[in-house]
file input_20.json (JSON, C-alpha atoms and all ligand atoms)
[["chain", "number", "residue", "atom", "x", "y", "z"],
["F", 1, "MET", "CA", 31.17, -9.93, -9.56],
["F", 2, "ASN", "CA", 30.29, -6.60, -7.93],
["F", 3, "CYS", "CA", 28.33, -4.70, -10.56],
["F", 4, "PHE", "CA", 27.63, -1.74, -8.22],
["F", 5, "GLU", "CA", 31.22, -0.47, -7.76],
["F", 6, "GLY", "CA", 31.35, 3.19, -8.83],
["F", 7, "LYS", "CA", 27.64, 3.29, -9.76],
["F", 8, "THR", "CA", 25.55, 6.25, -8.63],
["F", 9, "VAL", "CA", 22.59, 5.13, -6.51],
["F", 10, "TRP", "CA", 19.98, 7.67, -5.37],
["F", 11, "ILE", "CA", 17.87, 6.38, -2.47],
["F", 12, "THR", "CA", 14.83, 8.25, -1.18],
["F", 13, "GLY", "CA", 13.64, 7.53, 2.35],
["F", 14, "ALA", "CA", 17.26, 6.93, 3.35],
["F", 15, "SER", "CA", 16.91, 8.36, 6.87],
["F", 16, "SER", "CA", 15.46, 5.16, 8.37],
["F", 17, "GLY", "CA", 14.30, 1.60, 7.83],
["F", 18, "ILE", "CA", 14.72, -0.06, 4.43],
["F", 19, "GLY", "CA", 16.28, 3.02, 2.77],
["F", 20, "GLU", "CA", 18.88, 3.32, 5.52],
["F", 21, "ALA", "CA", 19.73, -0.38, 5.21],
["F", 22, "LEU", "CA", 20.01, -0.03, 1.41],
["F", 23, "ALA", "CA", 22.41, 2.90, 1.88],
["F", 24, "TYR", "CA", 24.74, 0.75, 4.01],
["F", 25, "GLU", "CA", 24.60, -2.15, 1.56],
["F", 26, "TYR", "CA", 25.20, -0.08, -1.57],
["F", 27, "SER", "CA", 27.96, 1.92, 0.11],
["F", 28, "GLY", "CA", 29.59, -1.34, 1.19],
["F", 29, "LEU", "CA", 29.52, -2.42, -2.45],
["F", 30, "GLY", "CA", 31.43, 0.71, -3.47],
["F", 31, "ALA", "CA", 28.57, 2.70, -4.99],
["F", 32, "TRP", "CA", 28.26, 6.48, -4.82],
["F", 33, "VAL", "CA", 25.16, 6.92, -2.69],
["F", 34, "ILE", "CA", 22.81, 9.90, -2.69],
["F", 35, "LEU", "CA", 20.69, 9.98, 0.47],
["F", 36, "SER", "CA", 17.33, 11.79, 0.50],
["F", 37, "ALA", "CA", 14.54, 12.28, 3.05],
["F", 38, "ARG", "CA", 13.29, 15.24, 5.12],
["F", 39, "ARG", "CA", 15.35, 14.77, 8.31],
["F", 40, "GLU", "CA", 18.80, 16.08, 7.43],
["F", 41, "ASN", "CA", 20.31, 15.15, 10.82],
["F", 42, "GLU", "CA", 19.25, 11.51, 10.32],
["F", 43, "LEU", "CA", 20.68, 11.50, 6.79],
["F", 44, "GLU", "CA", 23.99, 12.81, 8.18],
["F", 45, "ARG", "CA", 23.92, 10.01, 10.78],
["F", 46, "VAL", "CA", 23.38, 7.42, 8.01],
["F", 47, "LYS", "CA", 26.13, 8.98, 5.88],
["F", 48, "ALA", "CA", 28.60, 8.82, 8.80],
["F", 49, "ALA", "CA", 27.78, 5.12, 9.29],
["F", 50, "CYS", "CA", 28.25, 4.22, 5.61],
["F", 51, "ALA", "CA", 31.32, 2.19, 4.63],
["F", 52, "HIS", "CA", 32.45, 4.97, 2.27],
["F", 53, "SER", "CA", 30.96, 8.16, 3.73],
["F", 54, "ASP", "CA", 33.30, 10.15, 1.45],
["F", 55, "ARG", "CA", 31.21, 8.77, -1.41],
["F", 56, "CYS", "CA", 27.83, 9.81, 0.03],
["F", 57, "THR", "CA", 25.84, 12.93, -0.80],
["F", 58, "VAL", "CA", 23.07, 14.12, 1.51],
["F", 59, "THR", "CA", 20.21, 15.77, -0.36],
["F", 60, "PRO", "CA", 17.31, 16.60, 1.96],
["F", 61, "LEU", "CA", 13.90, 16.96, 0.33],
["F", 62, "ASP", "CA", 10.19, 16.61, 0.97],
["F", 63, "LEU", "CA", 8.63, 14.01, -1.33],
["F", 64, "ALA", "CA", 5.32, 15.89, -1.14],
["F", 65, "ASP", "CA", 6.90, 18.98, -2.72],
["F", 66, "GLN", "CA", 7.21, 18.66, -6.51],
["F", 67, "GLN", "CA", 9.35, 21.79, -6.82],
["F", 68, "GLN", "CA", 11.88, 20.46, -4.31],
["F", 69, "LEU", "CA", 12.03, 17.14, -6.20],
["F", 70, "GLU", "CA", 12.66, 18.83, -9.54],
["F", 71, "THR", "CA", 15.30, 21.16, -8.11],
["F", 72, "ALA", "CA", 17.09, 18.27, -6.37],
["F", 73, "ALA", "CA", 16.99, 16.17, -9.56],
["F", 74, "ASP", "CA", 18.47, 19.02, -11.62],
["F", 75, "ARG", "CA", 21.23, 19.43, -9.03],
["F", 76, "MET", "CA", 22.03, 15.70, -8.99],
["F", 77, "LEU", "CA", 22.07, 15.52, -12.80],
["F", 78, "GLN", "CA", 24.47, 18.46, -12.89],
["F", 79, "GLN", "CA", 26.71, 16.91, -10.26],
["F", 80, "PHE", "CA", 26.71, 13.27, -11.42],
["F", 81, "GLY", "CA", 25.40, 13.22, -14.97],
["F", 82, "ALA", "CA", 23.07, 10.25, -15.45],
["F", 83, "ILE", "CA", 22.11, 8.46, -12.23],
["F", 84, "ASP", "CA", 22.64, 4.69, -12.56],
["F", 85, "ILE", "CA", 20.05, 3.47, -10.04],
["F", 86, "LEU", "CA", 17.10, 5.41, -8.63],
["F", 87, "VAL", "CA", 15.47, 3.72, -5.61],
["F", 88, "ASN", "CA", 12.03, 5.22, -5.06],
["F", 89, "ASN", "CA", 11.74, 3.97, -1.50],
["F", 90, "GLY", "CA", 10.54, 6.89, 0.63],
["F", 91, "GLY", "CA", 6.93, 6.52, 1.66],
["F", 92, "VAL", "CA", 4.28, 6.78, 4.31],
["F", 93, "SER", "CA", 1.77, 4.14, 5.39],
["F", 94, "GLN", "CA", -1.76, 4.41, 6.77],
["F", 95, "ARG", "CA", -3.69, 3.06, 9.74],
["F", 96, "SER", "CA", -7.26, 4.28, 9.27],
["F", 97, "LEU", "CA", -10.57, 3.17, 7.80],
["F", 98, "ALA", "CA", -11.41, 4.60, 4.38],
["F", 99, "ILE", "CA", -14.60, 6.23, 5.68],
["F", 100, "GLU", "CA", -12.66, 7.92, 8.50],
["F", 101, "THR", "CA", -9.85, 9.18, 6.27],
["F", 102, "GLY", "CA", -9.95, 12.72, 4.90],
["F", 103, "VAL", "CA", -9.46, 13.02, 1.15],
["F", 104, "ASP", "CA", -6.58, 15.39, 1.92],
["F", 105, "VAL", "CA", -4.85, 12.43, 3.61],
["F", 106, "ASP", "CA", -5.54, 10.18, 0.59],
["F", 107, "ARG", "CA", -3.99, 12.87, -1.63],
["F", 108, "ARG", "CA", -0.96, 13.29, 0.64],
["F", 109, "ILE", "CA", -0.27, 9.54, 0.61],
["F", 110, "MET", "CA", -0.61, 9.51, -3.20],
["F", 111, "GLU", "CA", 1.84, 12.45, -3.45],
["F", 112, "VAL", "CA", 4.47, 10.93, -1.17],
["F", 113, "ASP", "CA", 4.14, 7.27, -2.20],
["F", 114, "TYR", "CA", 3.30, 7.58, -5.90],
["F", 115, "PHE", "CA", 3.78, 11.01, -7.52],
["F", 116, "SER", "CA", 7.18, 11.67, -5.93],
["F", 117, "GLY", "CA", 8.62, 8.60, -7.65],
["F", 118, "VAL", "CA", 6.93, 9.52, -10.92],
["F", 119, "THR", "CA", 8.47, 13.00, -10.76],
["F", 120, "LEU", "CA", 11.98, 11.72, -10.05],
["F", 121, "ALA", "CA", 11.72, 9.00, -12.70],
["F", 122, "LYS", "CA", 10.60, 11.51, -15.36],
["F", 123, "LYS", "CA", 13.45, 13.86, -14.43],
["F", 124, "LEU", "CA", 16.14, 11.15, -14.49],
["F", 125, "LEU", "CA", 15.00, 8.88, -17.33],
["F", 126, "PRO", "CA", 16.02, 11.12, -20.27],
["F", 127, "ALA", "CA", 19.68, 11.09, -19.15],
["F", 128, "MET", "CA", 19.48, 7.32, -18.55],
["F", 129, "VAL", "CA", 18.05, 6.79, -22.04],
["F", 130, "ALA", "CA", 20.74, 9.03, -23.56],
["F", 131, "LYS", "CA", 23.38, 6.92, -21.78],
["F", 132, "GLY", "CA", 21.65, 3.67, -22.79],
["F", 133, "SER", "CA", 21.40, 2.34, -19.24],
["F", 134, "GLY", "CA", 19.66, 2.97, -15.93],
["F", 135, "HIS", "CA", 17.66, 1.10, -13.33],
["F", 136, "ILE", "CA", 14.55, 2.31, -11.51],
["F", 137, "VAL", "CA", 13.78, 0.40, -8.31],
["F", 138, "ALA", "CA", 10.29, 1.04, -6.95],
["F", 139, "ILE", "CA", 9.50, -0.07, -3.41],
["F", 140, "SER", "CA", 5.84, -1.03, -3.46],
["F", 141, "SER", "CA", 4.31, -3.45, -0.91],
["F", 142, "ILE", "CA", 2.36, -6.68, -0.82],
["F", 143, "VAL", "CA", -0.69, -4.41, -0.42],
["F", 144, "GLY", "CA", 0.22, -3.13, -3.89],
["F", 145, "MET", "CA", -1.08, -6.55, -4.99],
["F", 146, "PHE", "CA", -4.31, -6.73, -2.95],
["F", 147, "GLY", "CA", -6.50, -4.52, -0.75],
["F", 148, "PHE", "CA", -6.28, -4.67, 3.04],
["F", 149, "PRO", "CA", -8.20, -3.06, 5.94],
["F", 150, "LEU", "CA", -6.86, 0.31, 7.21],
["F", 151, "ARG", "CA", -4.69, 0.71, 4.09],
["F", 152, "SER", "CA", -7.11, 2.08, 1.44],
["F", 153, "ALA", "CA", -5.00, 5.08, 0.35],
["F", 154, "TYR", "CA", -1.69, 3.31, 0.89],
["F", 155, "SER", "CA", -2.80, 0.23, -1.04],
["F", 156, "ALA", "CA", -4.14, 2.46, -3.83],
["F", 157, "ALA", "CA", -0.84, 4.36, -4.09],
["F", 158, "LYS", "CA", 1.13, 1.11, -4.17],
["F", 159, "HIS", "CA", -1.19, -0.39, -6.82],
["F", 160, "ALA", "CA", -0.66, 2.77, -8.91],
["F", 161, "MET", "CA", 3.09, 2.25, -8.77],
["F", 162, "HIS", "CA", 2.78, -1.13, -10.50],
["F", 163, "GLY", "CA", 0.88, 0.32, -13.44],
["F", 164, "PHE", "CA", 3.33, 3.18, -13.89],
["F", 165, "TYR", "CA", 6.59, 1.25, -13.58],
["F", 166, "GLU", "CA", 5.46, -1.74, -15.65],
["F", 167, "SER", "CA", 4.46, 0.67, -18.41],
["F", 168, "VAL", "CA", 7.79, 2.49, -18.20],
["F", 169, "TRP", "CA", 9.57, -0.85, -18.54],
["F", 170, "ALA", "CA", 7.44, -1.80, -21.55],
["F", 171, "GLU", "CA", 8.24, 1.53, -23.21],
["F", 172, "LEU", "CA", 11.96, 1.75, -22.46],
["F", 173, "HIS", "CA", 13.47, -1.71, -21.93],
["F", 174, "THR", "CA", 14.81, -1.71, -25.48],
["F", 175, "GLN", "CA", 16.74, 1.46, -24.63],
["F", 176, "GLY", "CA", 18.65, -0.06, -21.73],
["F", 177, "ILE", "CA", 16.22, 0.90, -18.96],
["F", 178, "ARG", "CA", 15.62, -1.67, -16.24],
["F", 179, "VAL", "CA", 12.77, -1.60, -13.74],
["F", 180, "THR", "CA", 12.37, -3.63, -10.55],
["F", 181, "VAL", "CA", 9.18, -3.37, -8.50],
["F", 182, "VAL", "CA", 9.72, -4.64, -4.96],
["F", 183, "CYS", "CA", 6.82, -5.89, -2.81],
["F", 184, "PRO", "CA", 7.89, -6.27, 0.80],
["F", 185, "GLY", "CA", 5.64, -7.93, 3.34],
["F", 186, "ARG", "CA", 6.19, -7.04, 6.97],
["F", 187, "ILE", "CA", 9.61, -5.57, 7.61],
["F", 188, "LEU", "CA", 10.85, -4.56, 11.04],
["F", 189, "THR", "CA", 11.03, -0.76, 10.65],
["F", 190, "ASP", "CA", 9.24, 2.28, 12.10],
["F", 191, "VAL", "CA", 6.78, 2.32, 9.18],
["F", 192, "SER", "CA", 3.73, 1.87, 11.45],
["F", 193, "ARG", "CA", 4.98, 4.55, 13.88],
["F", 194, "HIS", "CA", 5.27, 6.95, 10.92],
["F", 195, "ALA", "CA", 1.89, 5.92, 9.40],
["F", 196, "LEU", "CA", -0.94, 8.44, 9.09],
["F", 197, "VAL", "CA", -4.41, 8.13, 10.61],
["F", 198, "GLY", "CA", -7.63, 9.63, 9.24],
["F", 199, "ASP", "CA", -6.97, 13.24, 10.28],
["F", 200, "GLY", "CA", -3.39, 13.17, 8.96],
["F", 201, "THR", "CA", -1.72, 12.82, 12.36],
["F", 202, "LEU", "CA", 0.76, 10.05, 13.18],
["F", 203, "TYR", "CA", -0.35, 6.59, 14.28],
["F", 204, "GLY", "CA", 2.77, 6.46, 16.44],
["F", 205, "LYS", "CA", 2.73, 2.78, 17.45],
["F", 206, "MET", "CA", 4.82, -0.26, 16.56],
["F", 207, "ASP", "CA", 2.43, -2.81, 15.05],
["F", 208, "HIS", "CA", 2.61, -6.43, 16.10],
["F", 209, "GLY", "CA", 3.08, -7.41, 12.44],
["F", 210, "GLN", "CA", 6.04, -5.07, 11.93],
["F", 211, "ALA", "CA", 7.66, -6.18, 15.18],
["F", 212, "GLY", "CA", 7.66, -9.77, 13.91],
["F", 213, "GLY", "CA", 8.84, -8.86, 10.42],
["F", 214, "ILE", "CA", 12.17, -9.59, 8.78],
["F", 215, "THR", "CA", 14.98, -7.12, 9.38],
["F", 216, "ALA", "CA", 15.60, -4.11, 7.16],
["F", 217, "GLN", "CA", 19.11, -5.42, 6.48],
["F", 218, "THR", "CA", 17.80, -8.76, 5.20],
["F", 219, "CYS", "CA", 15.23, -6.92, 3.11],
["F", 220, "ALA", "CA", 17.89, -4.60, 1.64],
["F", 221, "ARG", "CA", 20.11, -7.55, 0.71],
["F", 222, "LYS", "CA", 17.21, -9.27, -1.05],
["F", 223, "ILE", "CA", 16.37, -6.06, -2.91],
["F", 224, "ILE", "CA", 19.96, -5.73, -4.12],
["F", 225, "LYS", "CA", 19.99, -9.36, -5.21],
["F", 226, "ALA", "CA", 16.80, -8.77, -7.21],
["F", 227, "VAL", "CA", 18.29, -5.65, -8.81],
["F", 228, "ARG", "CA", 21.47, -7.52, -9.69],
["F", 229, "LYS", "CA", 19.37, -10.26, -11.31],
["F", 230, "ASN", "CA", 17.28, -7.65, -13.13],
["F", 231, "LYS", "CA", 14.02, -9.02, -11.69],
["F", 232, "LYS", "CA", 10.97, -7.14, -12.89],
["F", 233, "GLU", "CA", 9.02, -7.87, -9.71],
["F", 234, "THR", "CA", 10.08, -9.39, -6.41],
["F", 235, "TYR", "CA", 8.36, -10.30, -3.12],
["F", 236, "ILE", "CA", 10.13, -10.15, 0.23],
["F", 237, "GLY", "CA", 8.61, -11.50, 3.42],
["F", 238, "LYS", "CA", 7.43, -14.59, 5.26],
["F", 239, "THR", "CA", 4.01, -16.30, 5.20],
["F", 240, "ASP", "CA", 2.42, -12.87, 4.60],
["F", 241, "LEU", "CA", 3.44, -13.37, 0.93],
["F", 242, "LEU", "CA", 0.88, -16.19, 0.66],
["F", 243, "MET", "CA", -1.88, -13.58, 0.30],
["F", 244, "ILE", "CA", -0.43, -12.60, -3.09],
["F", 245, "TRP", "CA", -0.82, -16.14, -4.37],
["F", 246, "PHE", "CA", -4.27, -16.58, -2.81],
["F", 247, "LYS", "CA", -5.49, -13.39, -4.48],
["F", 248, "ARG", "CA", -4.06, -14.52, -7.82],
["F", 249, "TYR", "CA", -4.92, -18.23, -7.86],
["F", 250, "ILE", "CA", -7.62, -18.81, -5.18],
["F", 251, "PRO", "CA", -9.34, -15.42, -4.96],
["F", 252, "CYS", "CA", -12.24, -16.76, -2.83],
["F", 253, "LEU", "CA", -9.68, -17.68, -0.13],
["F", 254, "TYR", "CA", -8.19, -14.19, -0.24],
["F", 255, "TYR", "CA", -11.68, -12.64, 0.15],
["F", 256, "LEU", "CA", -12.46, -14.98, 3.05],
["F", 257, "LEU", "CA", -9.19, -14.22, 4.87],
["F", 258, "VAL", "CA", -9.29, -10.46, 4.33],
["F", 259, "SER", "CA", -12.92, -10.34, 5.54],
["F", 260, "LYS", "CA", -11.82, -11.91, 8.82],
["F", 261, "VAL", "CA", -9.09, -9.33, 9.55],
["F", 262, "GLN", "CA", -10.11, -7.27, 12.57],
["F", 263, "PRO", "CA", -9.48, -3.67, 11.48],
["F", 264, "ARG", "CA", -9.03, -2.56, 15.12],
["Z", 1, "LIG", "N1", 8.24, -1.83, 6.75],
["Z", 1, "LIG", "C1", 7.34, -2.54, 6.08],
["Z", 1, "LIG", "O1", 6.74, -3.49, 6.62],
["Z", 1, "LIG", "C2", 7.06, -2.21, 4.65],
["Z", 1, "LIG", "C3", 6.29, -3.13, 3.91],
["Z", 1, "LIG", "C4", 6.02, -2.86, 2.58],
["Z", 1, "LIG", "C5", 6.50, -1.71, 1.99],
["Z", 1, "LIG", "N2", 7.24, -0.83, 2.72],
["Z", 1, "LIG", "C6", 7.70, 0.38, 2.04],
["Z", 1, "LIG", "O2", 9.08, 0.55, 2.25],
["Z", 1, "LIG", "C7", 9.42, 1.92, 2.11],
["Z", 1, "LIG", "C8", 10.30, 2.33, 3.28],
["Z", 1, "LIG", "O3", 9.56, 2.23, 4.48],
["Z", 1, "LIG", "P1", 10.20, 1.75, 5.86],
["Z", 1, "LIG", "O4", 9.55, 0.50, 6.24],
["Z", 1, "LIG", "O5", 11.67, 1.83, 5.80],
["Z", 1, "LIG", "O6", 9.60, 2.86, 6.85],
["Z", 1, "LIG", "P2", 10.25, 4.12, 7.59],
["Z", 1, "LIG", "O7", 11.32, 3.68, 8.51],
["Z", 1, "LIG", "O8", 9.09, 4.88, 8.14],
["Z", 1, "LIG", "O9", 10.95, 4.93, 6.41],
["Z", 1, "LIG", "C9", 10.23, 5.81, 5.58],
["Z", 1, "LIG", "C10", 11.22, 6.73, 4.91],
["Z", 1, "LIG", "O10", 10.51, 7.59, 4.02],
["Z", 1, "LIG", "C11", 10.85, 8.93, 4.30],
["Z", 1, "LIG", "N3", 9.74, 9.83, 4.06],
["Z", 1, "LIG", "C12", 8.47, 9.72, 4.52],
["Z", 1, "LIG", "N4", 7.75, 10.78, 4.14],
["Z", 1, "LIG", "C13", 8.58, 11.59, 3.43],
["Z", 1, "LIG", "C14", 8.44, 12.84, 2.81],
["Z", 1, "LIG", "N5", 7.28, 13.52, 2.81],
["Z", 1, "LIG", "N6", 9.51, 13.38, 2.19],
["Z", 1, "LIG", "C15", 10.71, 12.73, 2.19],
["Z", 1, "LIG", "N7", 10.91, 11.54, 2.75],
["Z", 1, "LIG", "C16", 9.86, 10.98, 3.37],
["Z", 1, "LIG", "C17", 11.27, 8.96, 5.77],
["Z", 1, "LIG", "O11", 12.18, 10.01, 6.02],
["Z", 1, "LIG", "P3", 11.87, 11.40, 6.76],
["Z", 1, "LIG", "O12", 10.83, 11.13, 7.82],
["Z", 1, "LIG", "O13", 13.20, 11.80, 7.30],
["Z", 1, "LIG", "O14", 11.39, 12.32, 5.70],
["Z", 1, "LIG", "C18", 11.96, 7.61, 5.90],
["Z", 1, "LIG", "O15", 13.30, 7.73, 5.52],
["Z", 1, "LIG", "C19", 8.09, 2.67, 2.05],
["Z", 1, "LIG", "O16", 7.79, 2.99, 0.70],
["Z", 1, "LIG", "C20", 7.09, 1.66, 2.57],
["Z", 1, "LIG", "O17", 5.80, 1.88, 2.05],
["Z", 1, "LIG", "C21", 7.53, -1.06, 4.03]]

call {"tool": "encode", "arguments": {"input": "input_20.json", "output": "structure tokens", "more": "lines below"}}
Ligand SMILES: NC(=O)c1ccc[n+]([C@@H]2O[C@H](COP(=O)([O-])OP(=O)(O)OC[C@H]3O[C@@H](n4cnc5c(N)ncnc54)[C@H](OP(=O)(O)O)[C@@H]3O)[C@@H](O)[C@H]2O)c1
result
Amino acid sequence: MNCFEGKTVWITGASSGIGEALAYEYSGLGAWVILSARRENELERVKAACAHSDRCTVTPLDLADQQQLETAADRMLQQFGAIDILVNNGGVSQRSLAIETGVDVDRRIMEVDYFSGVTLAKKLLPAMVAKGSGHIVAISSIVGMFGFPLRSAYSAAKHAMHGFYESVWAELHTQGIRVTVVCPGRILTDVSRHALVGDGTLYGKMDHGQAGGITAQTCARKIIKAVRKNKKETYIGKTDLLMIWFKRYIPCLYYLLVSKVQPR
């Protein structure tokens, strides 16, 4: 059964990678899709390629700008009433050592990867609660489960997501609110090209790990399956997922392996 037909799905980071792939999948399933990111031309390209572009709304915004997030949320609530599914996907990664990373860059990554989702969730949850249903999907990462070289701020922001969304679930699940935290491993997208280095400029390179990752389309399909099954947490990847289990069940092996990673 297609439970997404006619549902309103707001996807941040919909201009590329996993968010773009999610837009195509949800549109194909008959959902009304709201596409957000900064690059409006890319959002229009994604909209045009959606199965039902007449049921897509492009809402450009900067996830680092709280005012823009609140204004966009008010507009979407006015236009659609309660949003059925919010996918907090938009984010930026990091490729720099902690000691070489300016605190302004740590703060920017926290704003984009963590606080933006918190802001949107807080704006949308009251209408979801009033309706008695709603699903928040938070795209974390496997490094939201363990630390990793060159990812200090990114890993911290992703760890923070787990605490926030698990707590929201604990508080609101009896009122019809569902929460799914997604931890992808390496996915073949431009995430490393868009990652920040210590001075806040772009890393600009395709990492070997990303290049060998699973496709964004496969990732999107697995995310939707997890949402349909109302999973609270899900992991998507290949052998990179093993690190989650090592950290949890054989921590000394995790510490050994992570100490051998060559940061450069
Ligand atoms: N690819 C992986 O291996 C991997 C693994 C684990 C987790 N993830 C997570 O998956 C999510 C999607 O990443 P991706 O792999 O699809 O990478 P991506 O292709 O670089 O996509 C990132 C998306 O976030 C948007 N974004 C970035 N900064 C923004 C800002 N300040 N305001 C608004 N939108 C912003 C980008 O749009 P604009 O540039 O147009 O604003 C883009 O649509 C991220 O949360 C990432 O951390 C990815």

call {"tool": "closest_atom_pairs", "arguments": {"input": "input_20.json", "of": "chain F", "to": "ligand LIG 1 (chain Z)", "cutoff": "8 Å", "atoms": "all atoms listed in the file", "output": "JSON lines"}}
result
{"residue": "F:Thr12", "atom": "CA", "partner": "Z:LIG1", "partner_atom": "N7", "distance": 6.5}
{"residue": "F:Gly13", "atom": "CA", "partner": "Z:LIG1", "partner_atom": "O15", "distance": 3.2}
{"residue": "F:Ala14", "atom": "CA", "partner": "Z:LIG1", "partner_atom": "O15", "distance": 4.6}
{"residue": "F:Ser15", "atom": "CA", "partner": "Z:LIG1", "partner_atom": "O15", "distance": 3.9}
{"residue": "F:Ser16", "atom": "CA", "partner": "Z:LIG1", "partner_atom": "O7", "distance": 4.4}
{"residue": "F:Gly17", "atom": "CA", "partner": "Z:LIG1", "partner_atom": "O5", "distance": 3.3}
{"residue": "F:Ile18", "atom": "CA", "partner": "Z:LIG1", "partner_atom": "O5", "distance": 3.8}
{"residue": "F:Gly19", "atom": "CA", "partner": "Z:LIG1", "partner_atom": "O5", "distance": 5.6}
{"residue": "F:Glu20", "atom": "CA", "partner": "Z:LIG1", "partner_atom": "O15", "distance": 7.1}
{"residue": "F:Ser36", "atom": "CA", "partner": "Z:LIG1", "partner_atom": "N7", "distance": 6.8}
{"residue": "F:Ala37", "atom": "CA", "partner": "Z:LIG1", "partner_atom": "N7", "distance": 3.7}
{"residue": "F:Arg38", "atom": "CA", "partner": "Z:LIG1", "partner_atom": "O14", "distance": 3.5}
{"residue": "F:Arg39", "atom": "CA", "partner": "Z:LIG1", "partner_atom": "O13", "distance": 3.8}
{"residue": "F:Glu40", "atom": "CA", "partner": "Z:LIG1", "partner_atom": "O13", "distance": 7.0}
{"residue": "F:Glu42", "atom": "CA", "partner": "Z:LIG1", "partner_atom": "O13", "distance": 6.8}
{"residue": "F:Leu43", "atom": "CA", "partner": "Z:LIG1", "partner_atom": "O13", "distance": 7.5}
{"residue": "F:Pro60", "atom": "CA", "partner": "Z:LIG1", "partner_atom": "C15", "distance": 7.7}
{"residue": "F:Leu61", "atom": "CA", "partner": "Z:LIG1", "partner_atom": "C15", "distance": 5.6}
{"residue": "F:Asp62", "atom": "CA", "partner": "Z:LIG1", "partner_atom": "N6", "distance": 3.5}
{"residue": "F:Leu63", "atom": "CA", "partner": "Z:LIG1", "partner_atom": "N6", "distance": 3.7}
{"residue": "F:Ala64", "atom": "CA", "partner": "Z:LIG1", "partner_atom": "N5", "distance": 5.0}
{"residue": "F:Asp65", "atom": "CA", "partner": "Z:LIG1", "partner_atom": "N5", "distance": 7.8}
{"residue": "F:Asn88", "atom": "CA", "partner": "Z:LIG1", "partner_atom": "O16", "distance": 7.5}
{"residue": "F:Asn89", "atom": "CA", "partner": "Z:LIG1", "partner_atom": "O16", "distance": 4.6}
{"residue": "F:Gly90", "atom": "CA", "partner": "Z:LIG1", "partner_atom": "O10", "distance": 3.5}
{"residue": "F:Gly91", "atom": "CA", "partner": "Z:LIG1", "partner_atom": "O16", "distance": 3.8}
{"residue": "F:Val92", "atom": "CA", "partner": "Z:LIG1", "partner_atom": "C12", "distance": 5.1}
{"residue": "F:Ser93", "atom": "CA", "partner": "Z:LIG1", "partner_atom": "O17", "distance": 5.7}
{"residue": "F:Val112", "atom": "CA", "partner": "Z:LIG1", "partner_atom": "N5", "distance": 5.5}
{"residue": "F:Asp113", "atom": "CA", "partner": "Z:LIG1", "partner_atom": "O16", "distance": 6.3}
{"residue": "F:Ile139", "atom": "CA", "partner": "Z:LIG1", "partner_atom": "O16", "distance": 5.4}
{"residue": "F:Ser140", "atom": "CA", "partner": "Z:LIG1", "partner_atom": "C5", "distance": 5.5}
{"residue": "F:Ser141", "atom": "CA", "partner": "Z:LIG1", "partner_atom": "C4", "distance": 3.9}
{"residue": "F:Ile142", "atom": "CA", "partner": "Z:LIG1", "partner_atom": "C4", "distance": 6.3}
{"residue": "F:Val143", "atom": "CA", "partner": "Z:LIG1", "partner_atom": "C4", "distance": 7.5}
{"residue": "F:Tyr154", "atom": "CA", "partner": "Z:LIG1", "partner_atom": "O17", "distance": 7.7}
{"residue": "F:Lys158", "atom": "CA", "partner": "Z:LIG1", "partner_atom": "O17", "distance": 7.8}
{"residue": "F:Cys183", "atom": "CA", "partner": "Z:LIG1", "partner_atom": "C4", "distance": 6.2}
{"residue": "F:Pro184", "atom": "CA", "partner": "Z:LIG1", "partner_atom": "C4", "distance": 4.3}
{"residue": "F:Gly185", "atom": "CA", "partner": "Z:LIG1", "partner_atom": "C3", "distance": 4.9}
{"residue": "F:Arg186", "atom": "CA", "partner": "Z:LIG1", "partner_atom": "O1", "distance": 3.6}
{"residue": "F:Ile187", "atom": "CA", "partner": "Z:LIG1", "partner_atom": "O1", "distance": 3.7}
{"residue": "F:Leu188", "atom": "CA", "partner": "Z:LIG1", "partner_atom": "N1", "distance": 5.7}
{"residue": "F:Thr189", "atom": "CA", "partner": "Z:LIG1", "partner_atom": "O4", "distance": 4.8}
{"residue": "F:Asp190", "atom": "CA", "partner": "Z:LIG1", "partner_atom": "O7", "distance": 4.4}
{"residue": "F:Val191", "atom": "CA", "partner": "Z:LIG1", "partner_atom": "O8", "distance": 3.6}
{"residue": "F:Ser192", "atom": "CA", "partner": "Z:LIG1", "partner_atom": "O8", "distance": 7.0}
{"residue": "F:Arg193", "atom": "CA", "partner": "Z:LIG1", "partner_atom": "O8", "distance": 7.1}
{"residue": "F:His194", "atom": "CA", "partner": "Z:LIG1", "partner_atom": "O8", "distance": 5.2}
{"residue": "F:Ala195", "atom": "CA", "partner": "Z:LIG1", "partner_atom": "O8", "distance": 7.4}
{"residue": "F:Gly209", "atom": "CA", "partner": "Z:LIG1", "partner_atom": "O1", "distance": 7.9}
{"residue": "F:Gln210", "atom": "CA", "partner": "Z:LIG1", "partner_atom": "O1", "distance": 5.6}
{"residue": "F:Gly213", "atom": "CA", "partner": "Z:LIG1", "partner_atom": "O1", "distance": 6.9}
{"residue": "F:Ala216", "atom": "CA", "partner": "Z:LIG1", "partner_atom": "O5", "distance": 7.3}

call {"tool": "residues_around", "arguments": {"input": "input_20.json", "residues": "Lys231 of chain F", "least_positions_apart": "5", "cutoff": "8 Å", "atoms": "only C-alpha atoms", "output": "ChimeraX atom specification"}}
result
/F:179-180,226

call {"tool": "closest_residue", "arguments": {"input": "input_20.json", "among": "F:Met161, F:Cys3, F:Ala153, F:Met145", "to": "Phe115 of chain F", "atoms": "all atoms listed in the file"}}
result
F:Met161

call {"tool": "atom_distance", "arguments": {"input": "input_20.json", "atom1": "atom CA of Tyr165 of chain F", "atom2": "atom CA of Leu124 of chain F"}}
result
13.8 Å

call {"tool": "atom_distance", "arguments": {"input": "input_20.json", "atom1": "atom CA of Ile109 of chain F", "atom2": "atom CA of Thr234 of chain F"}}
result
22.7 Å
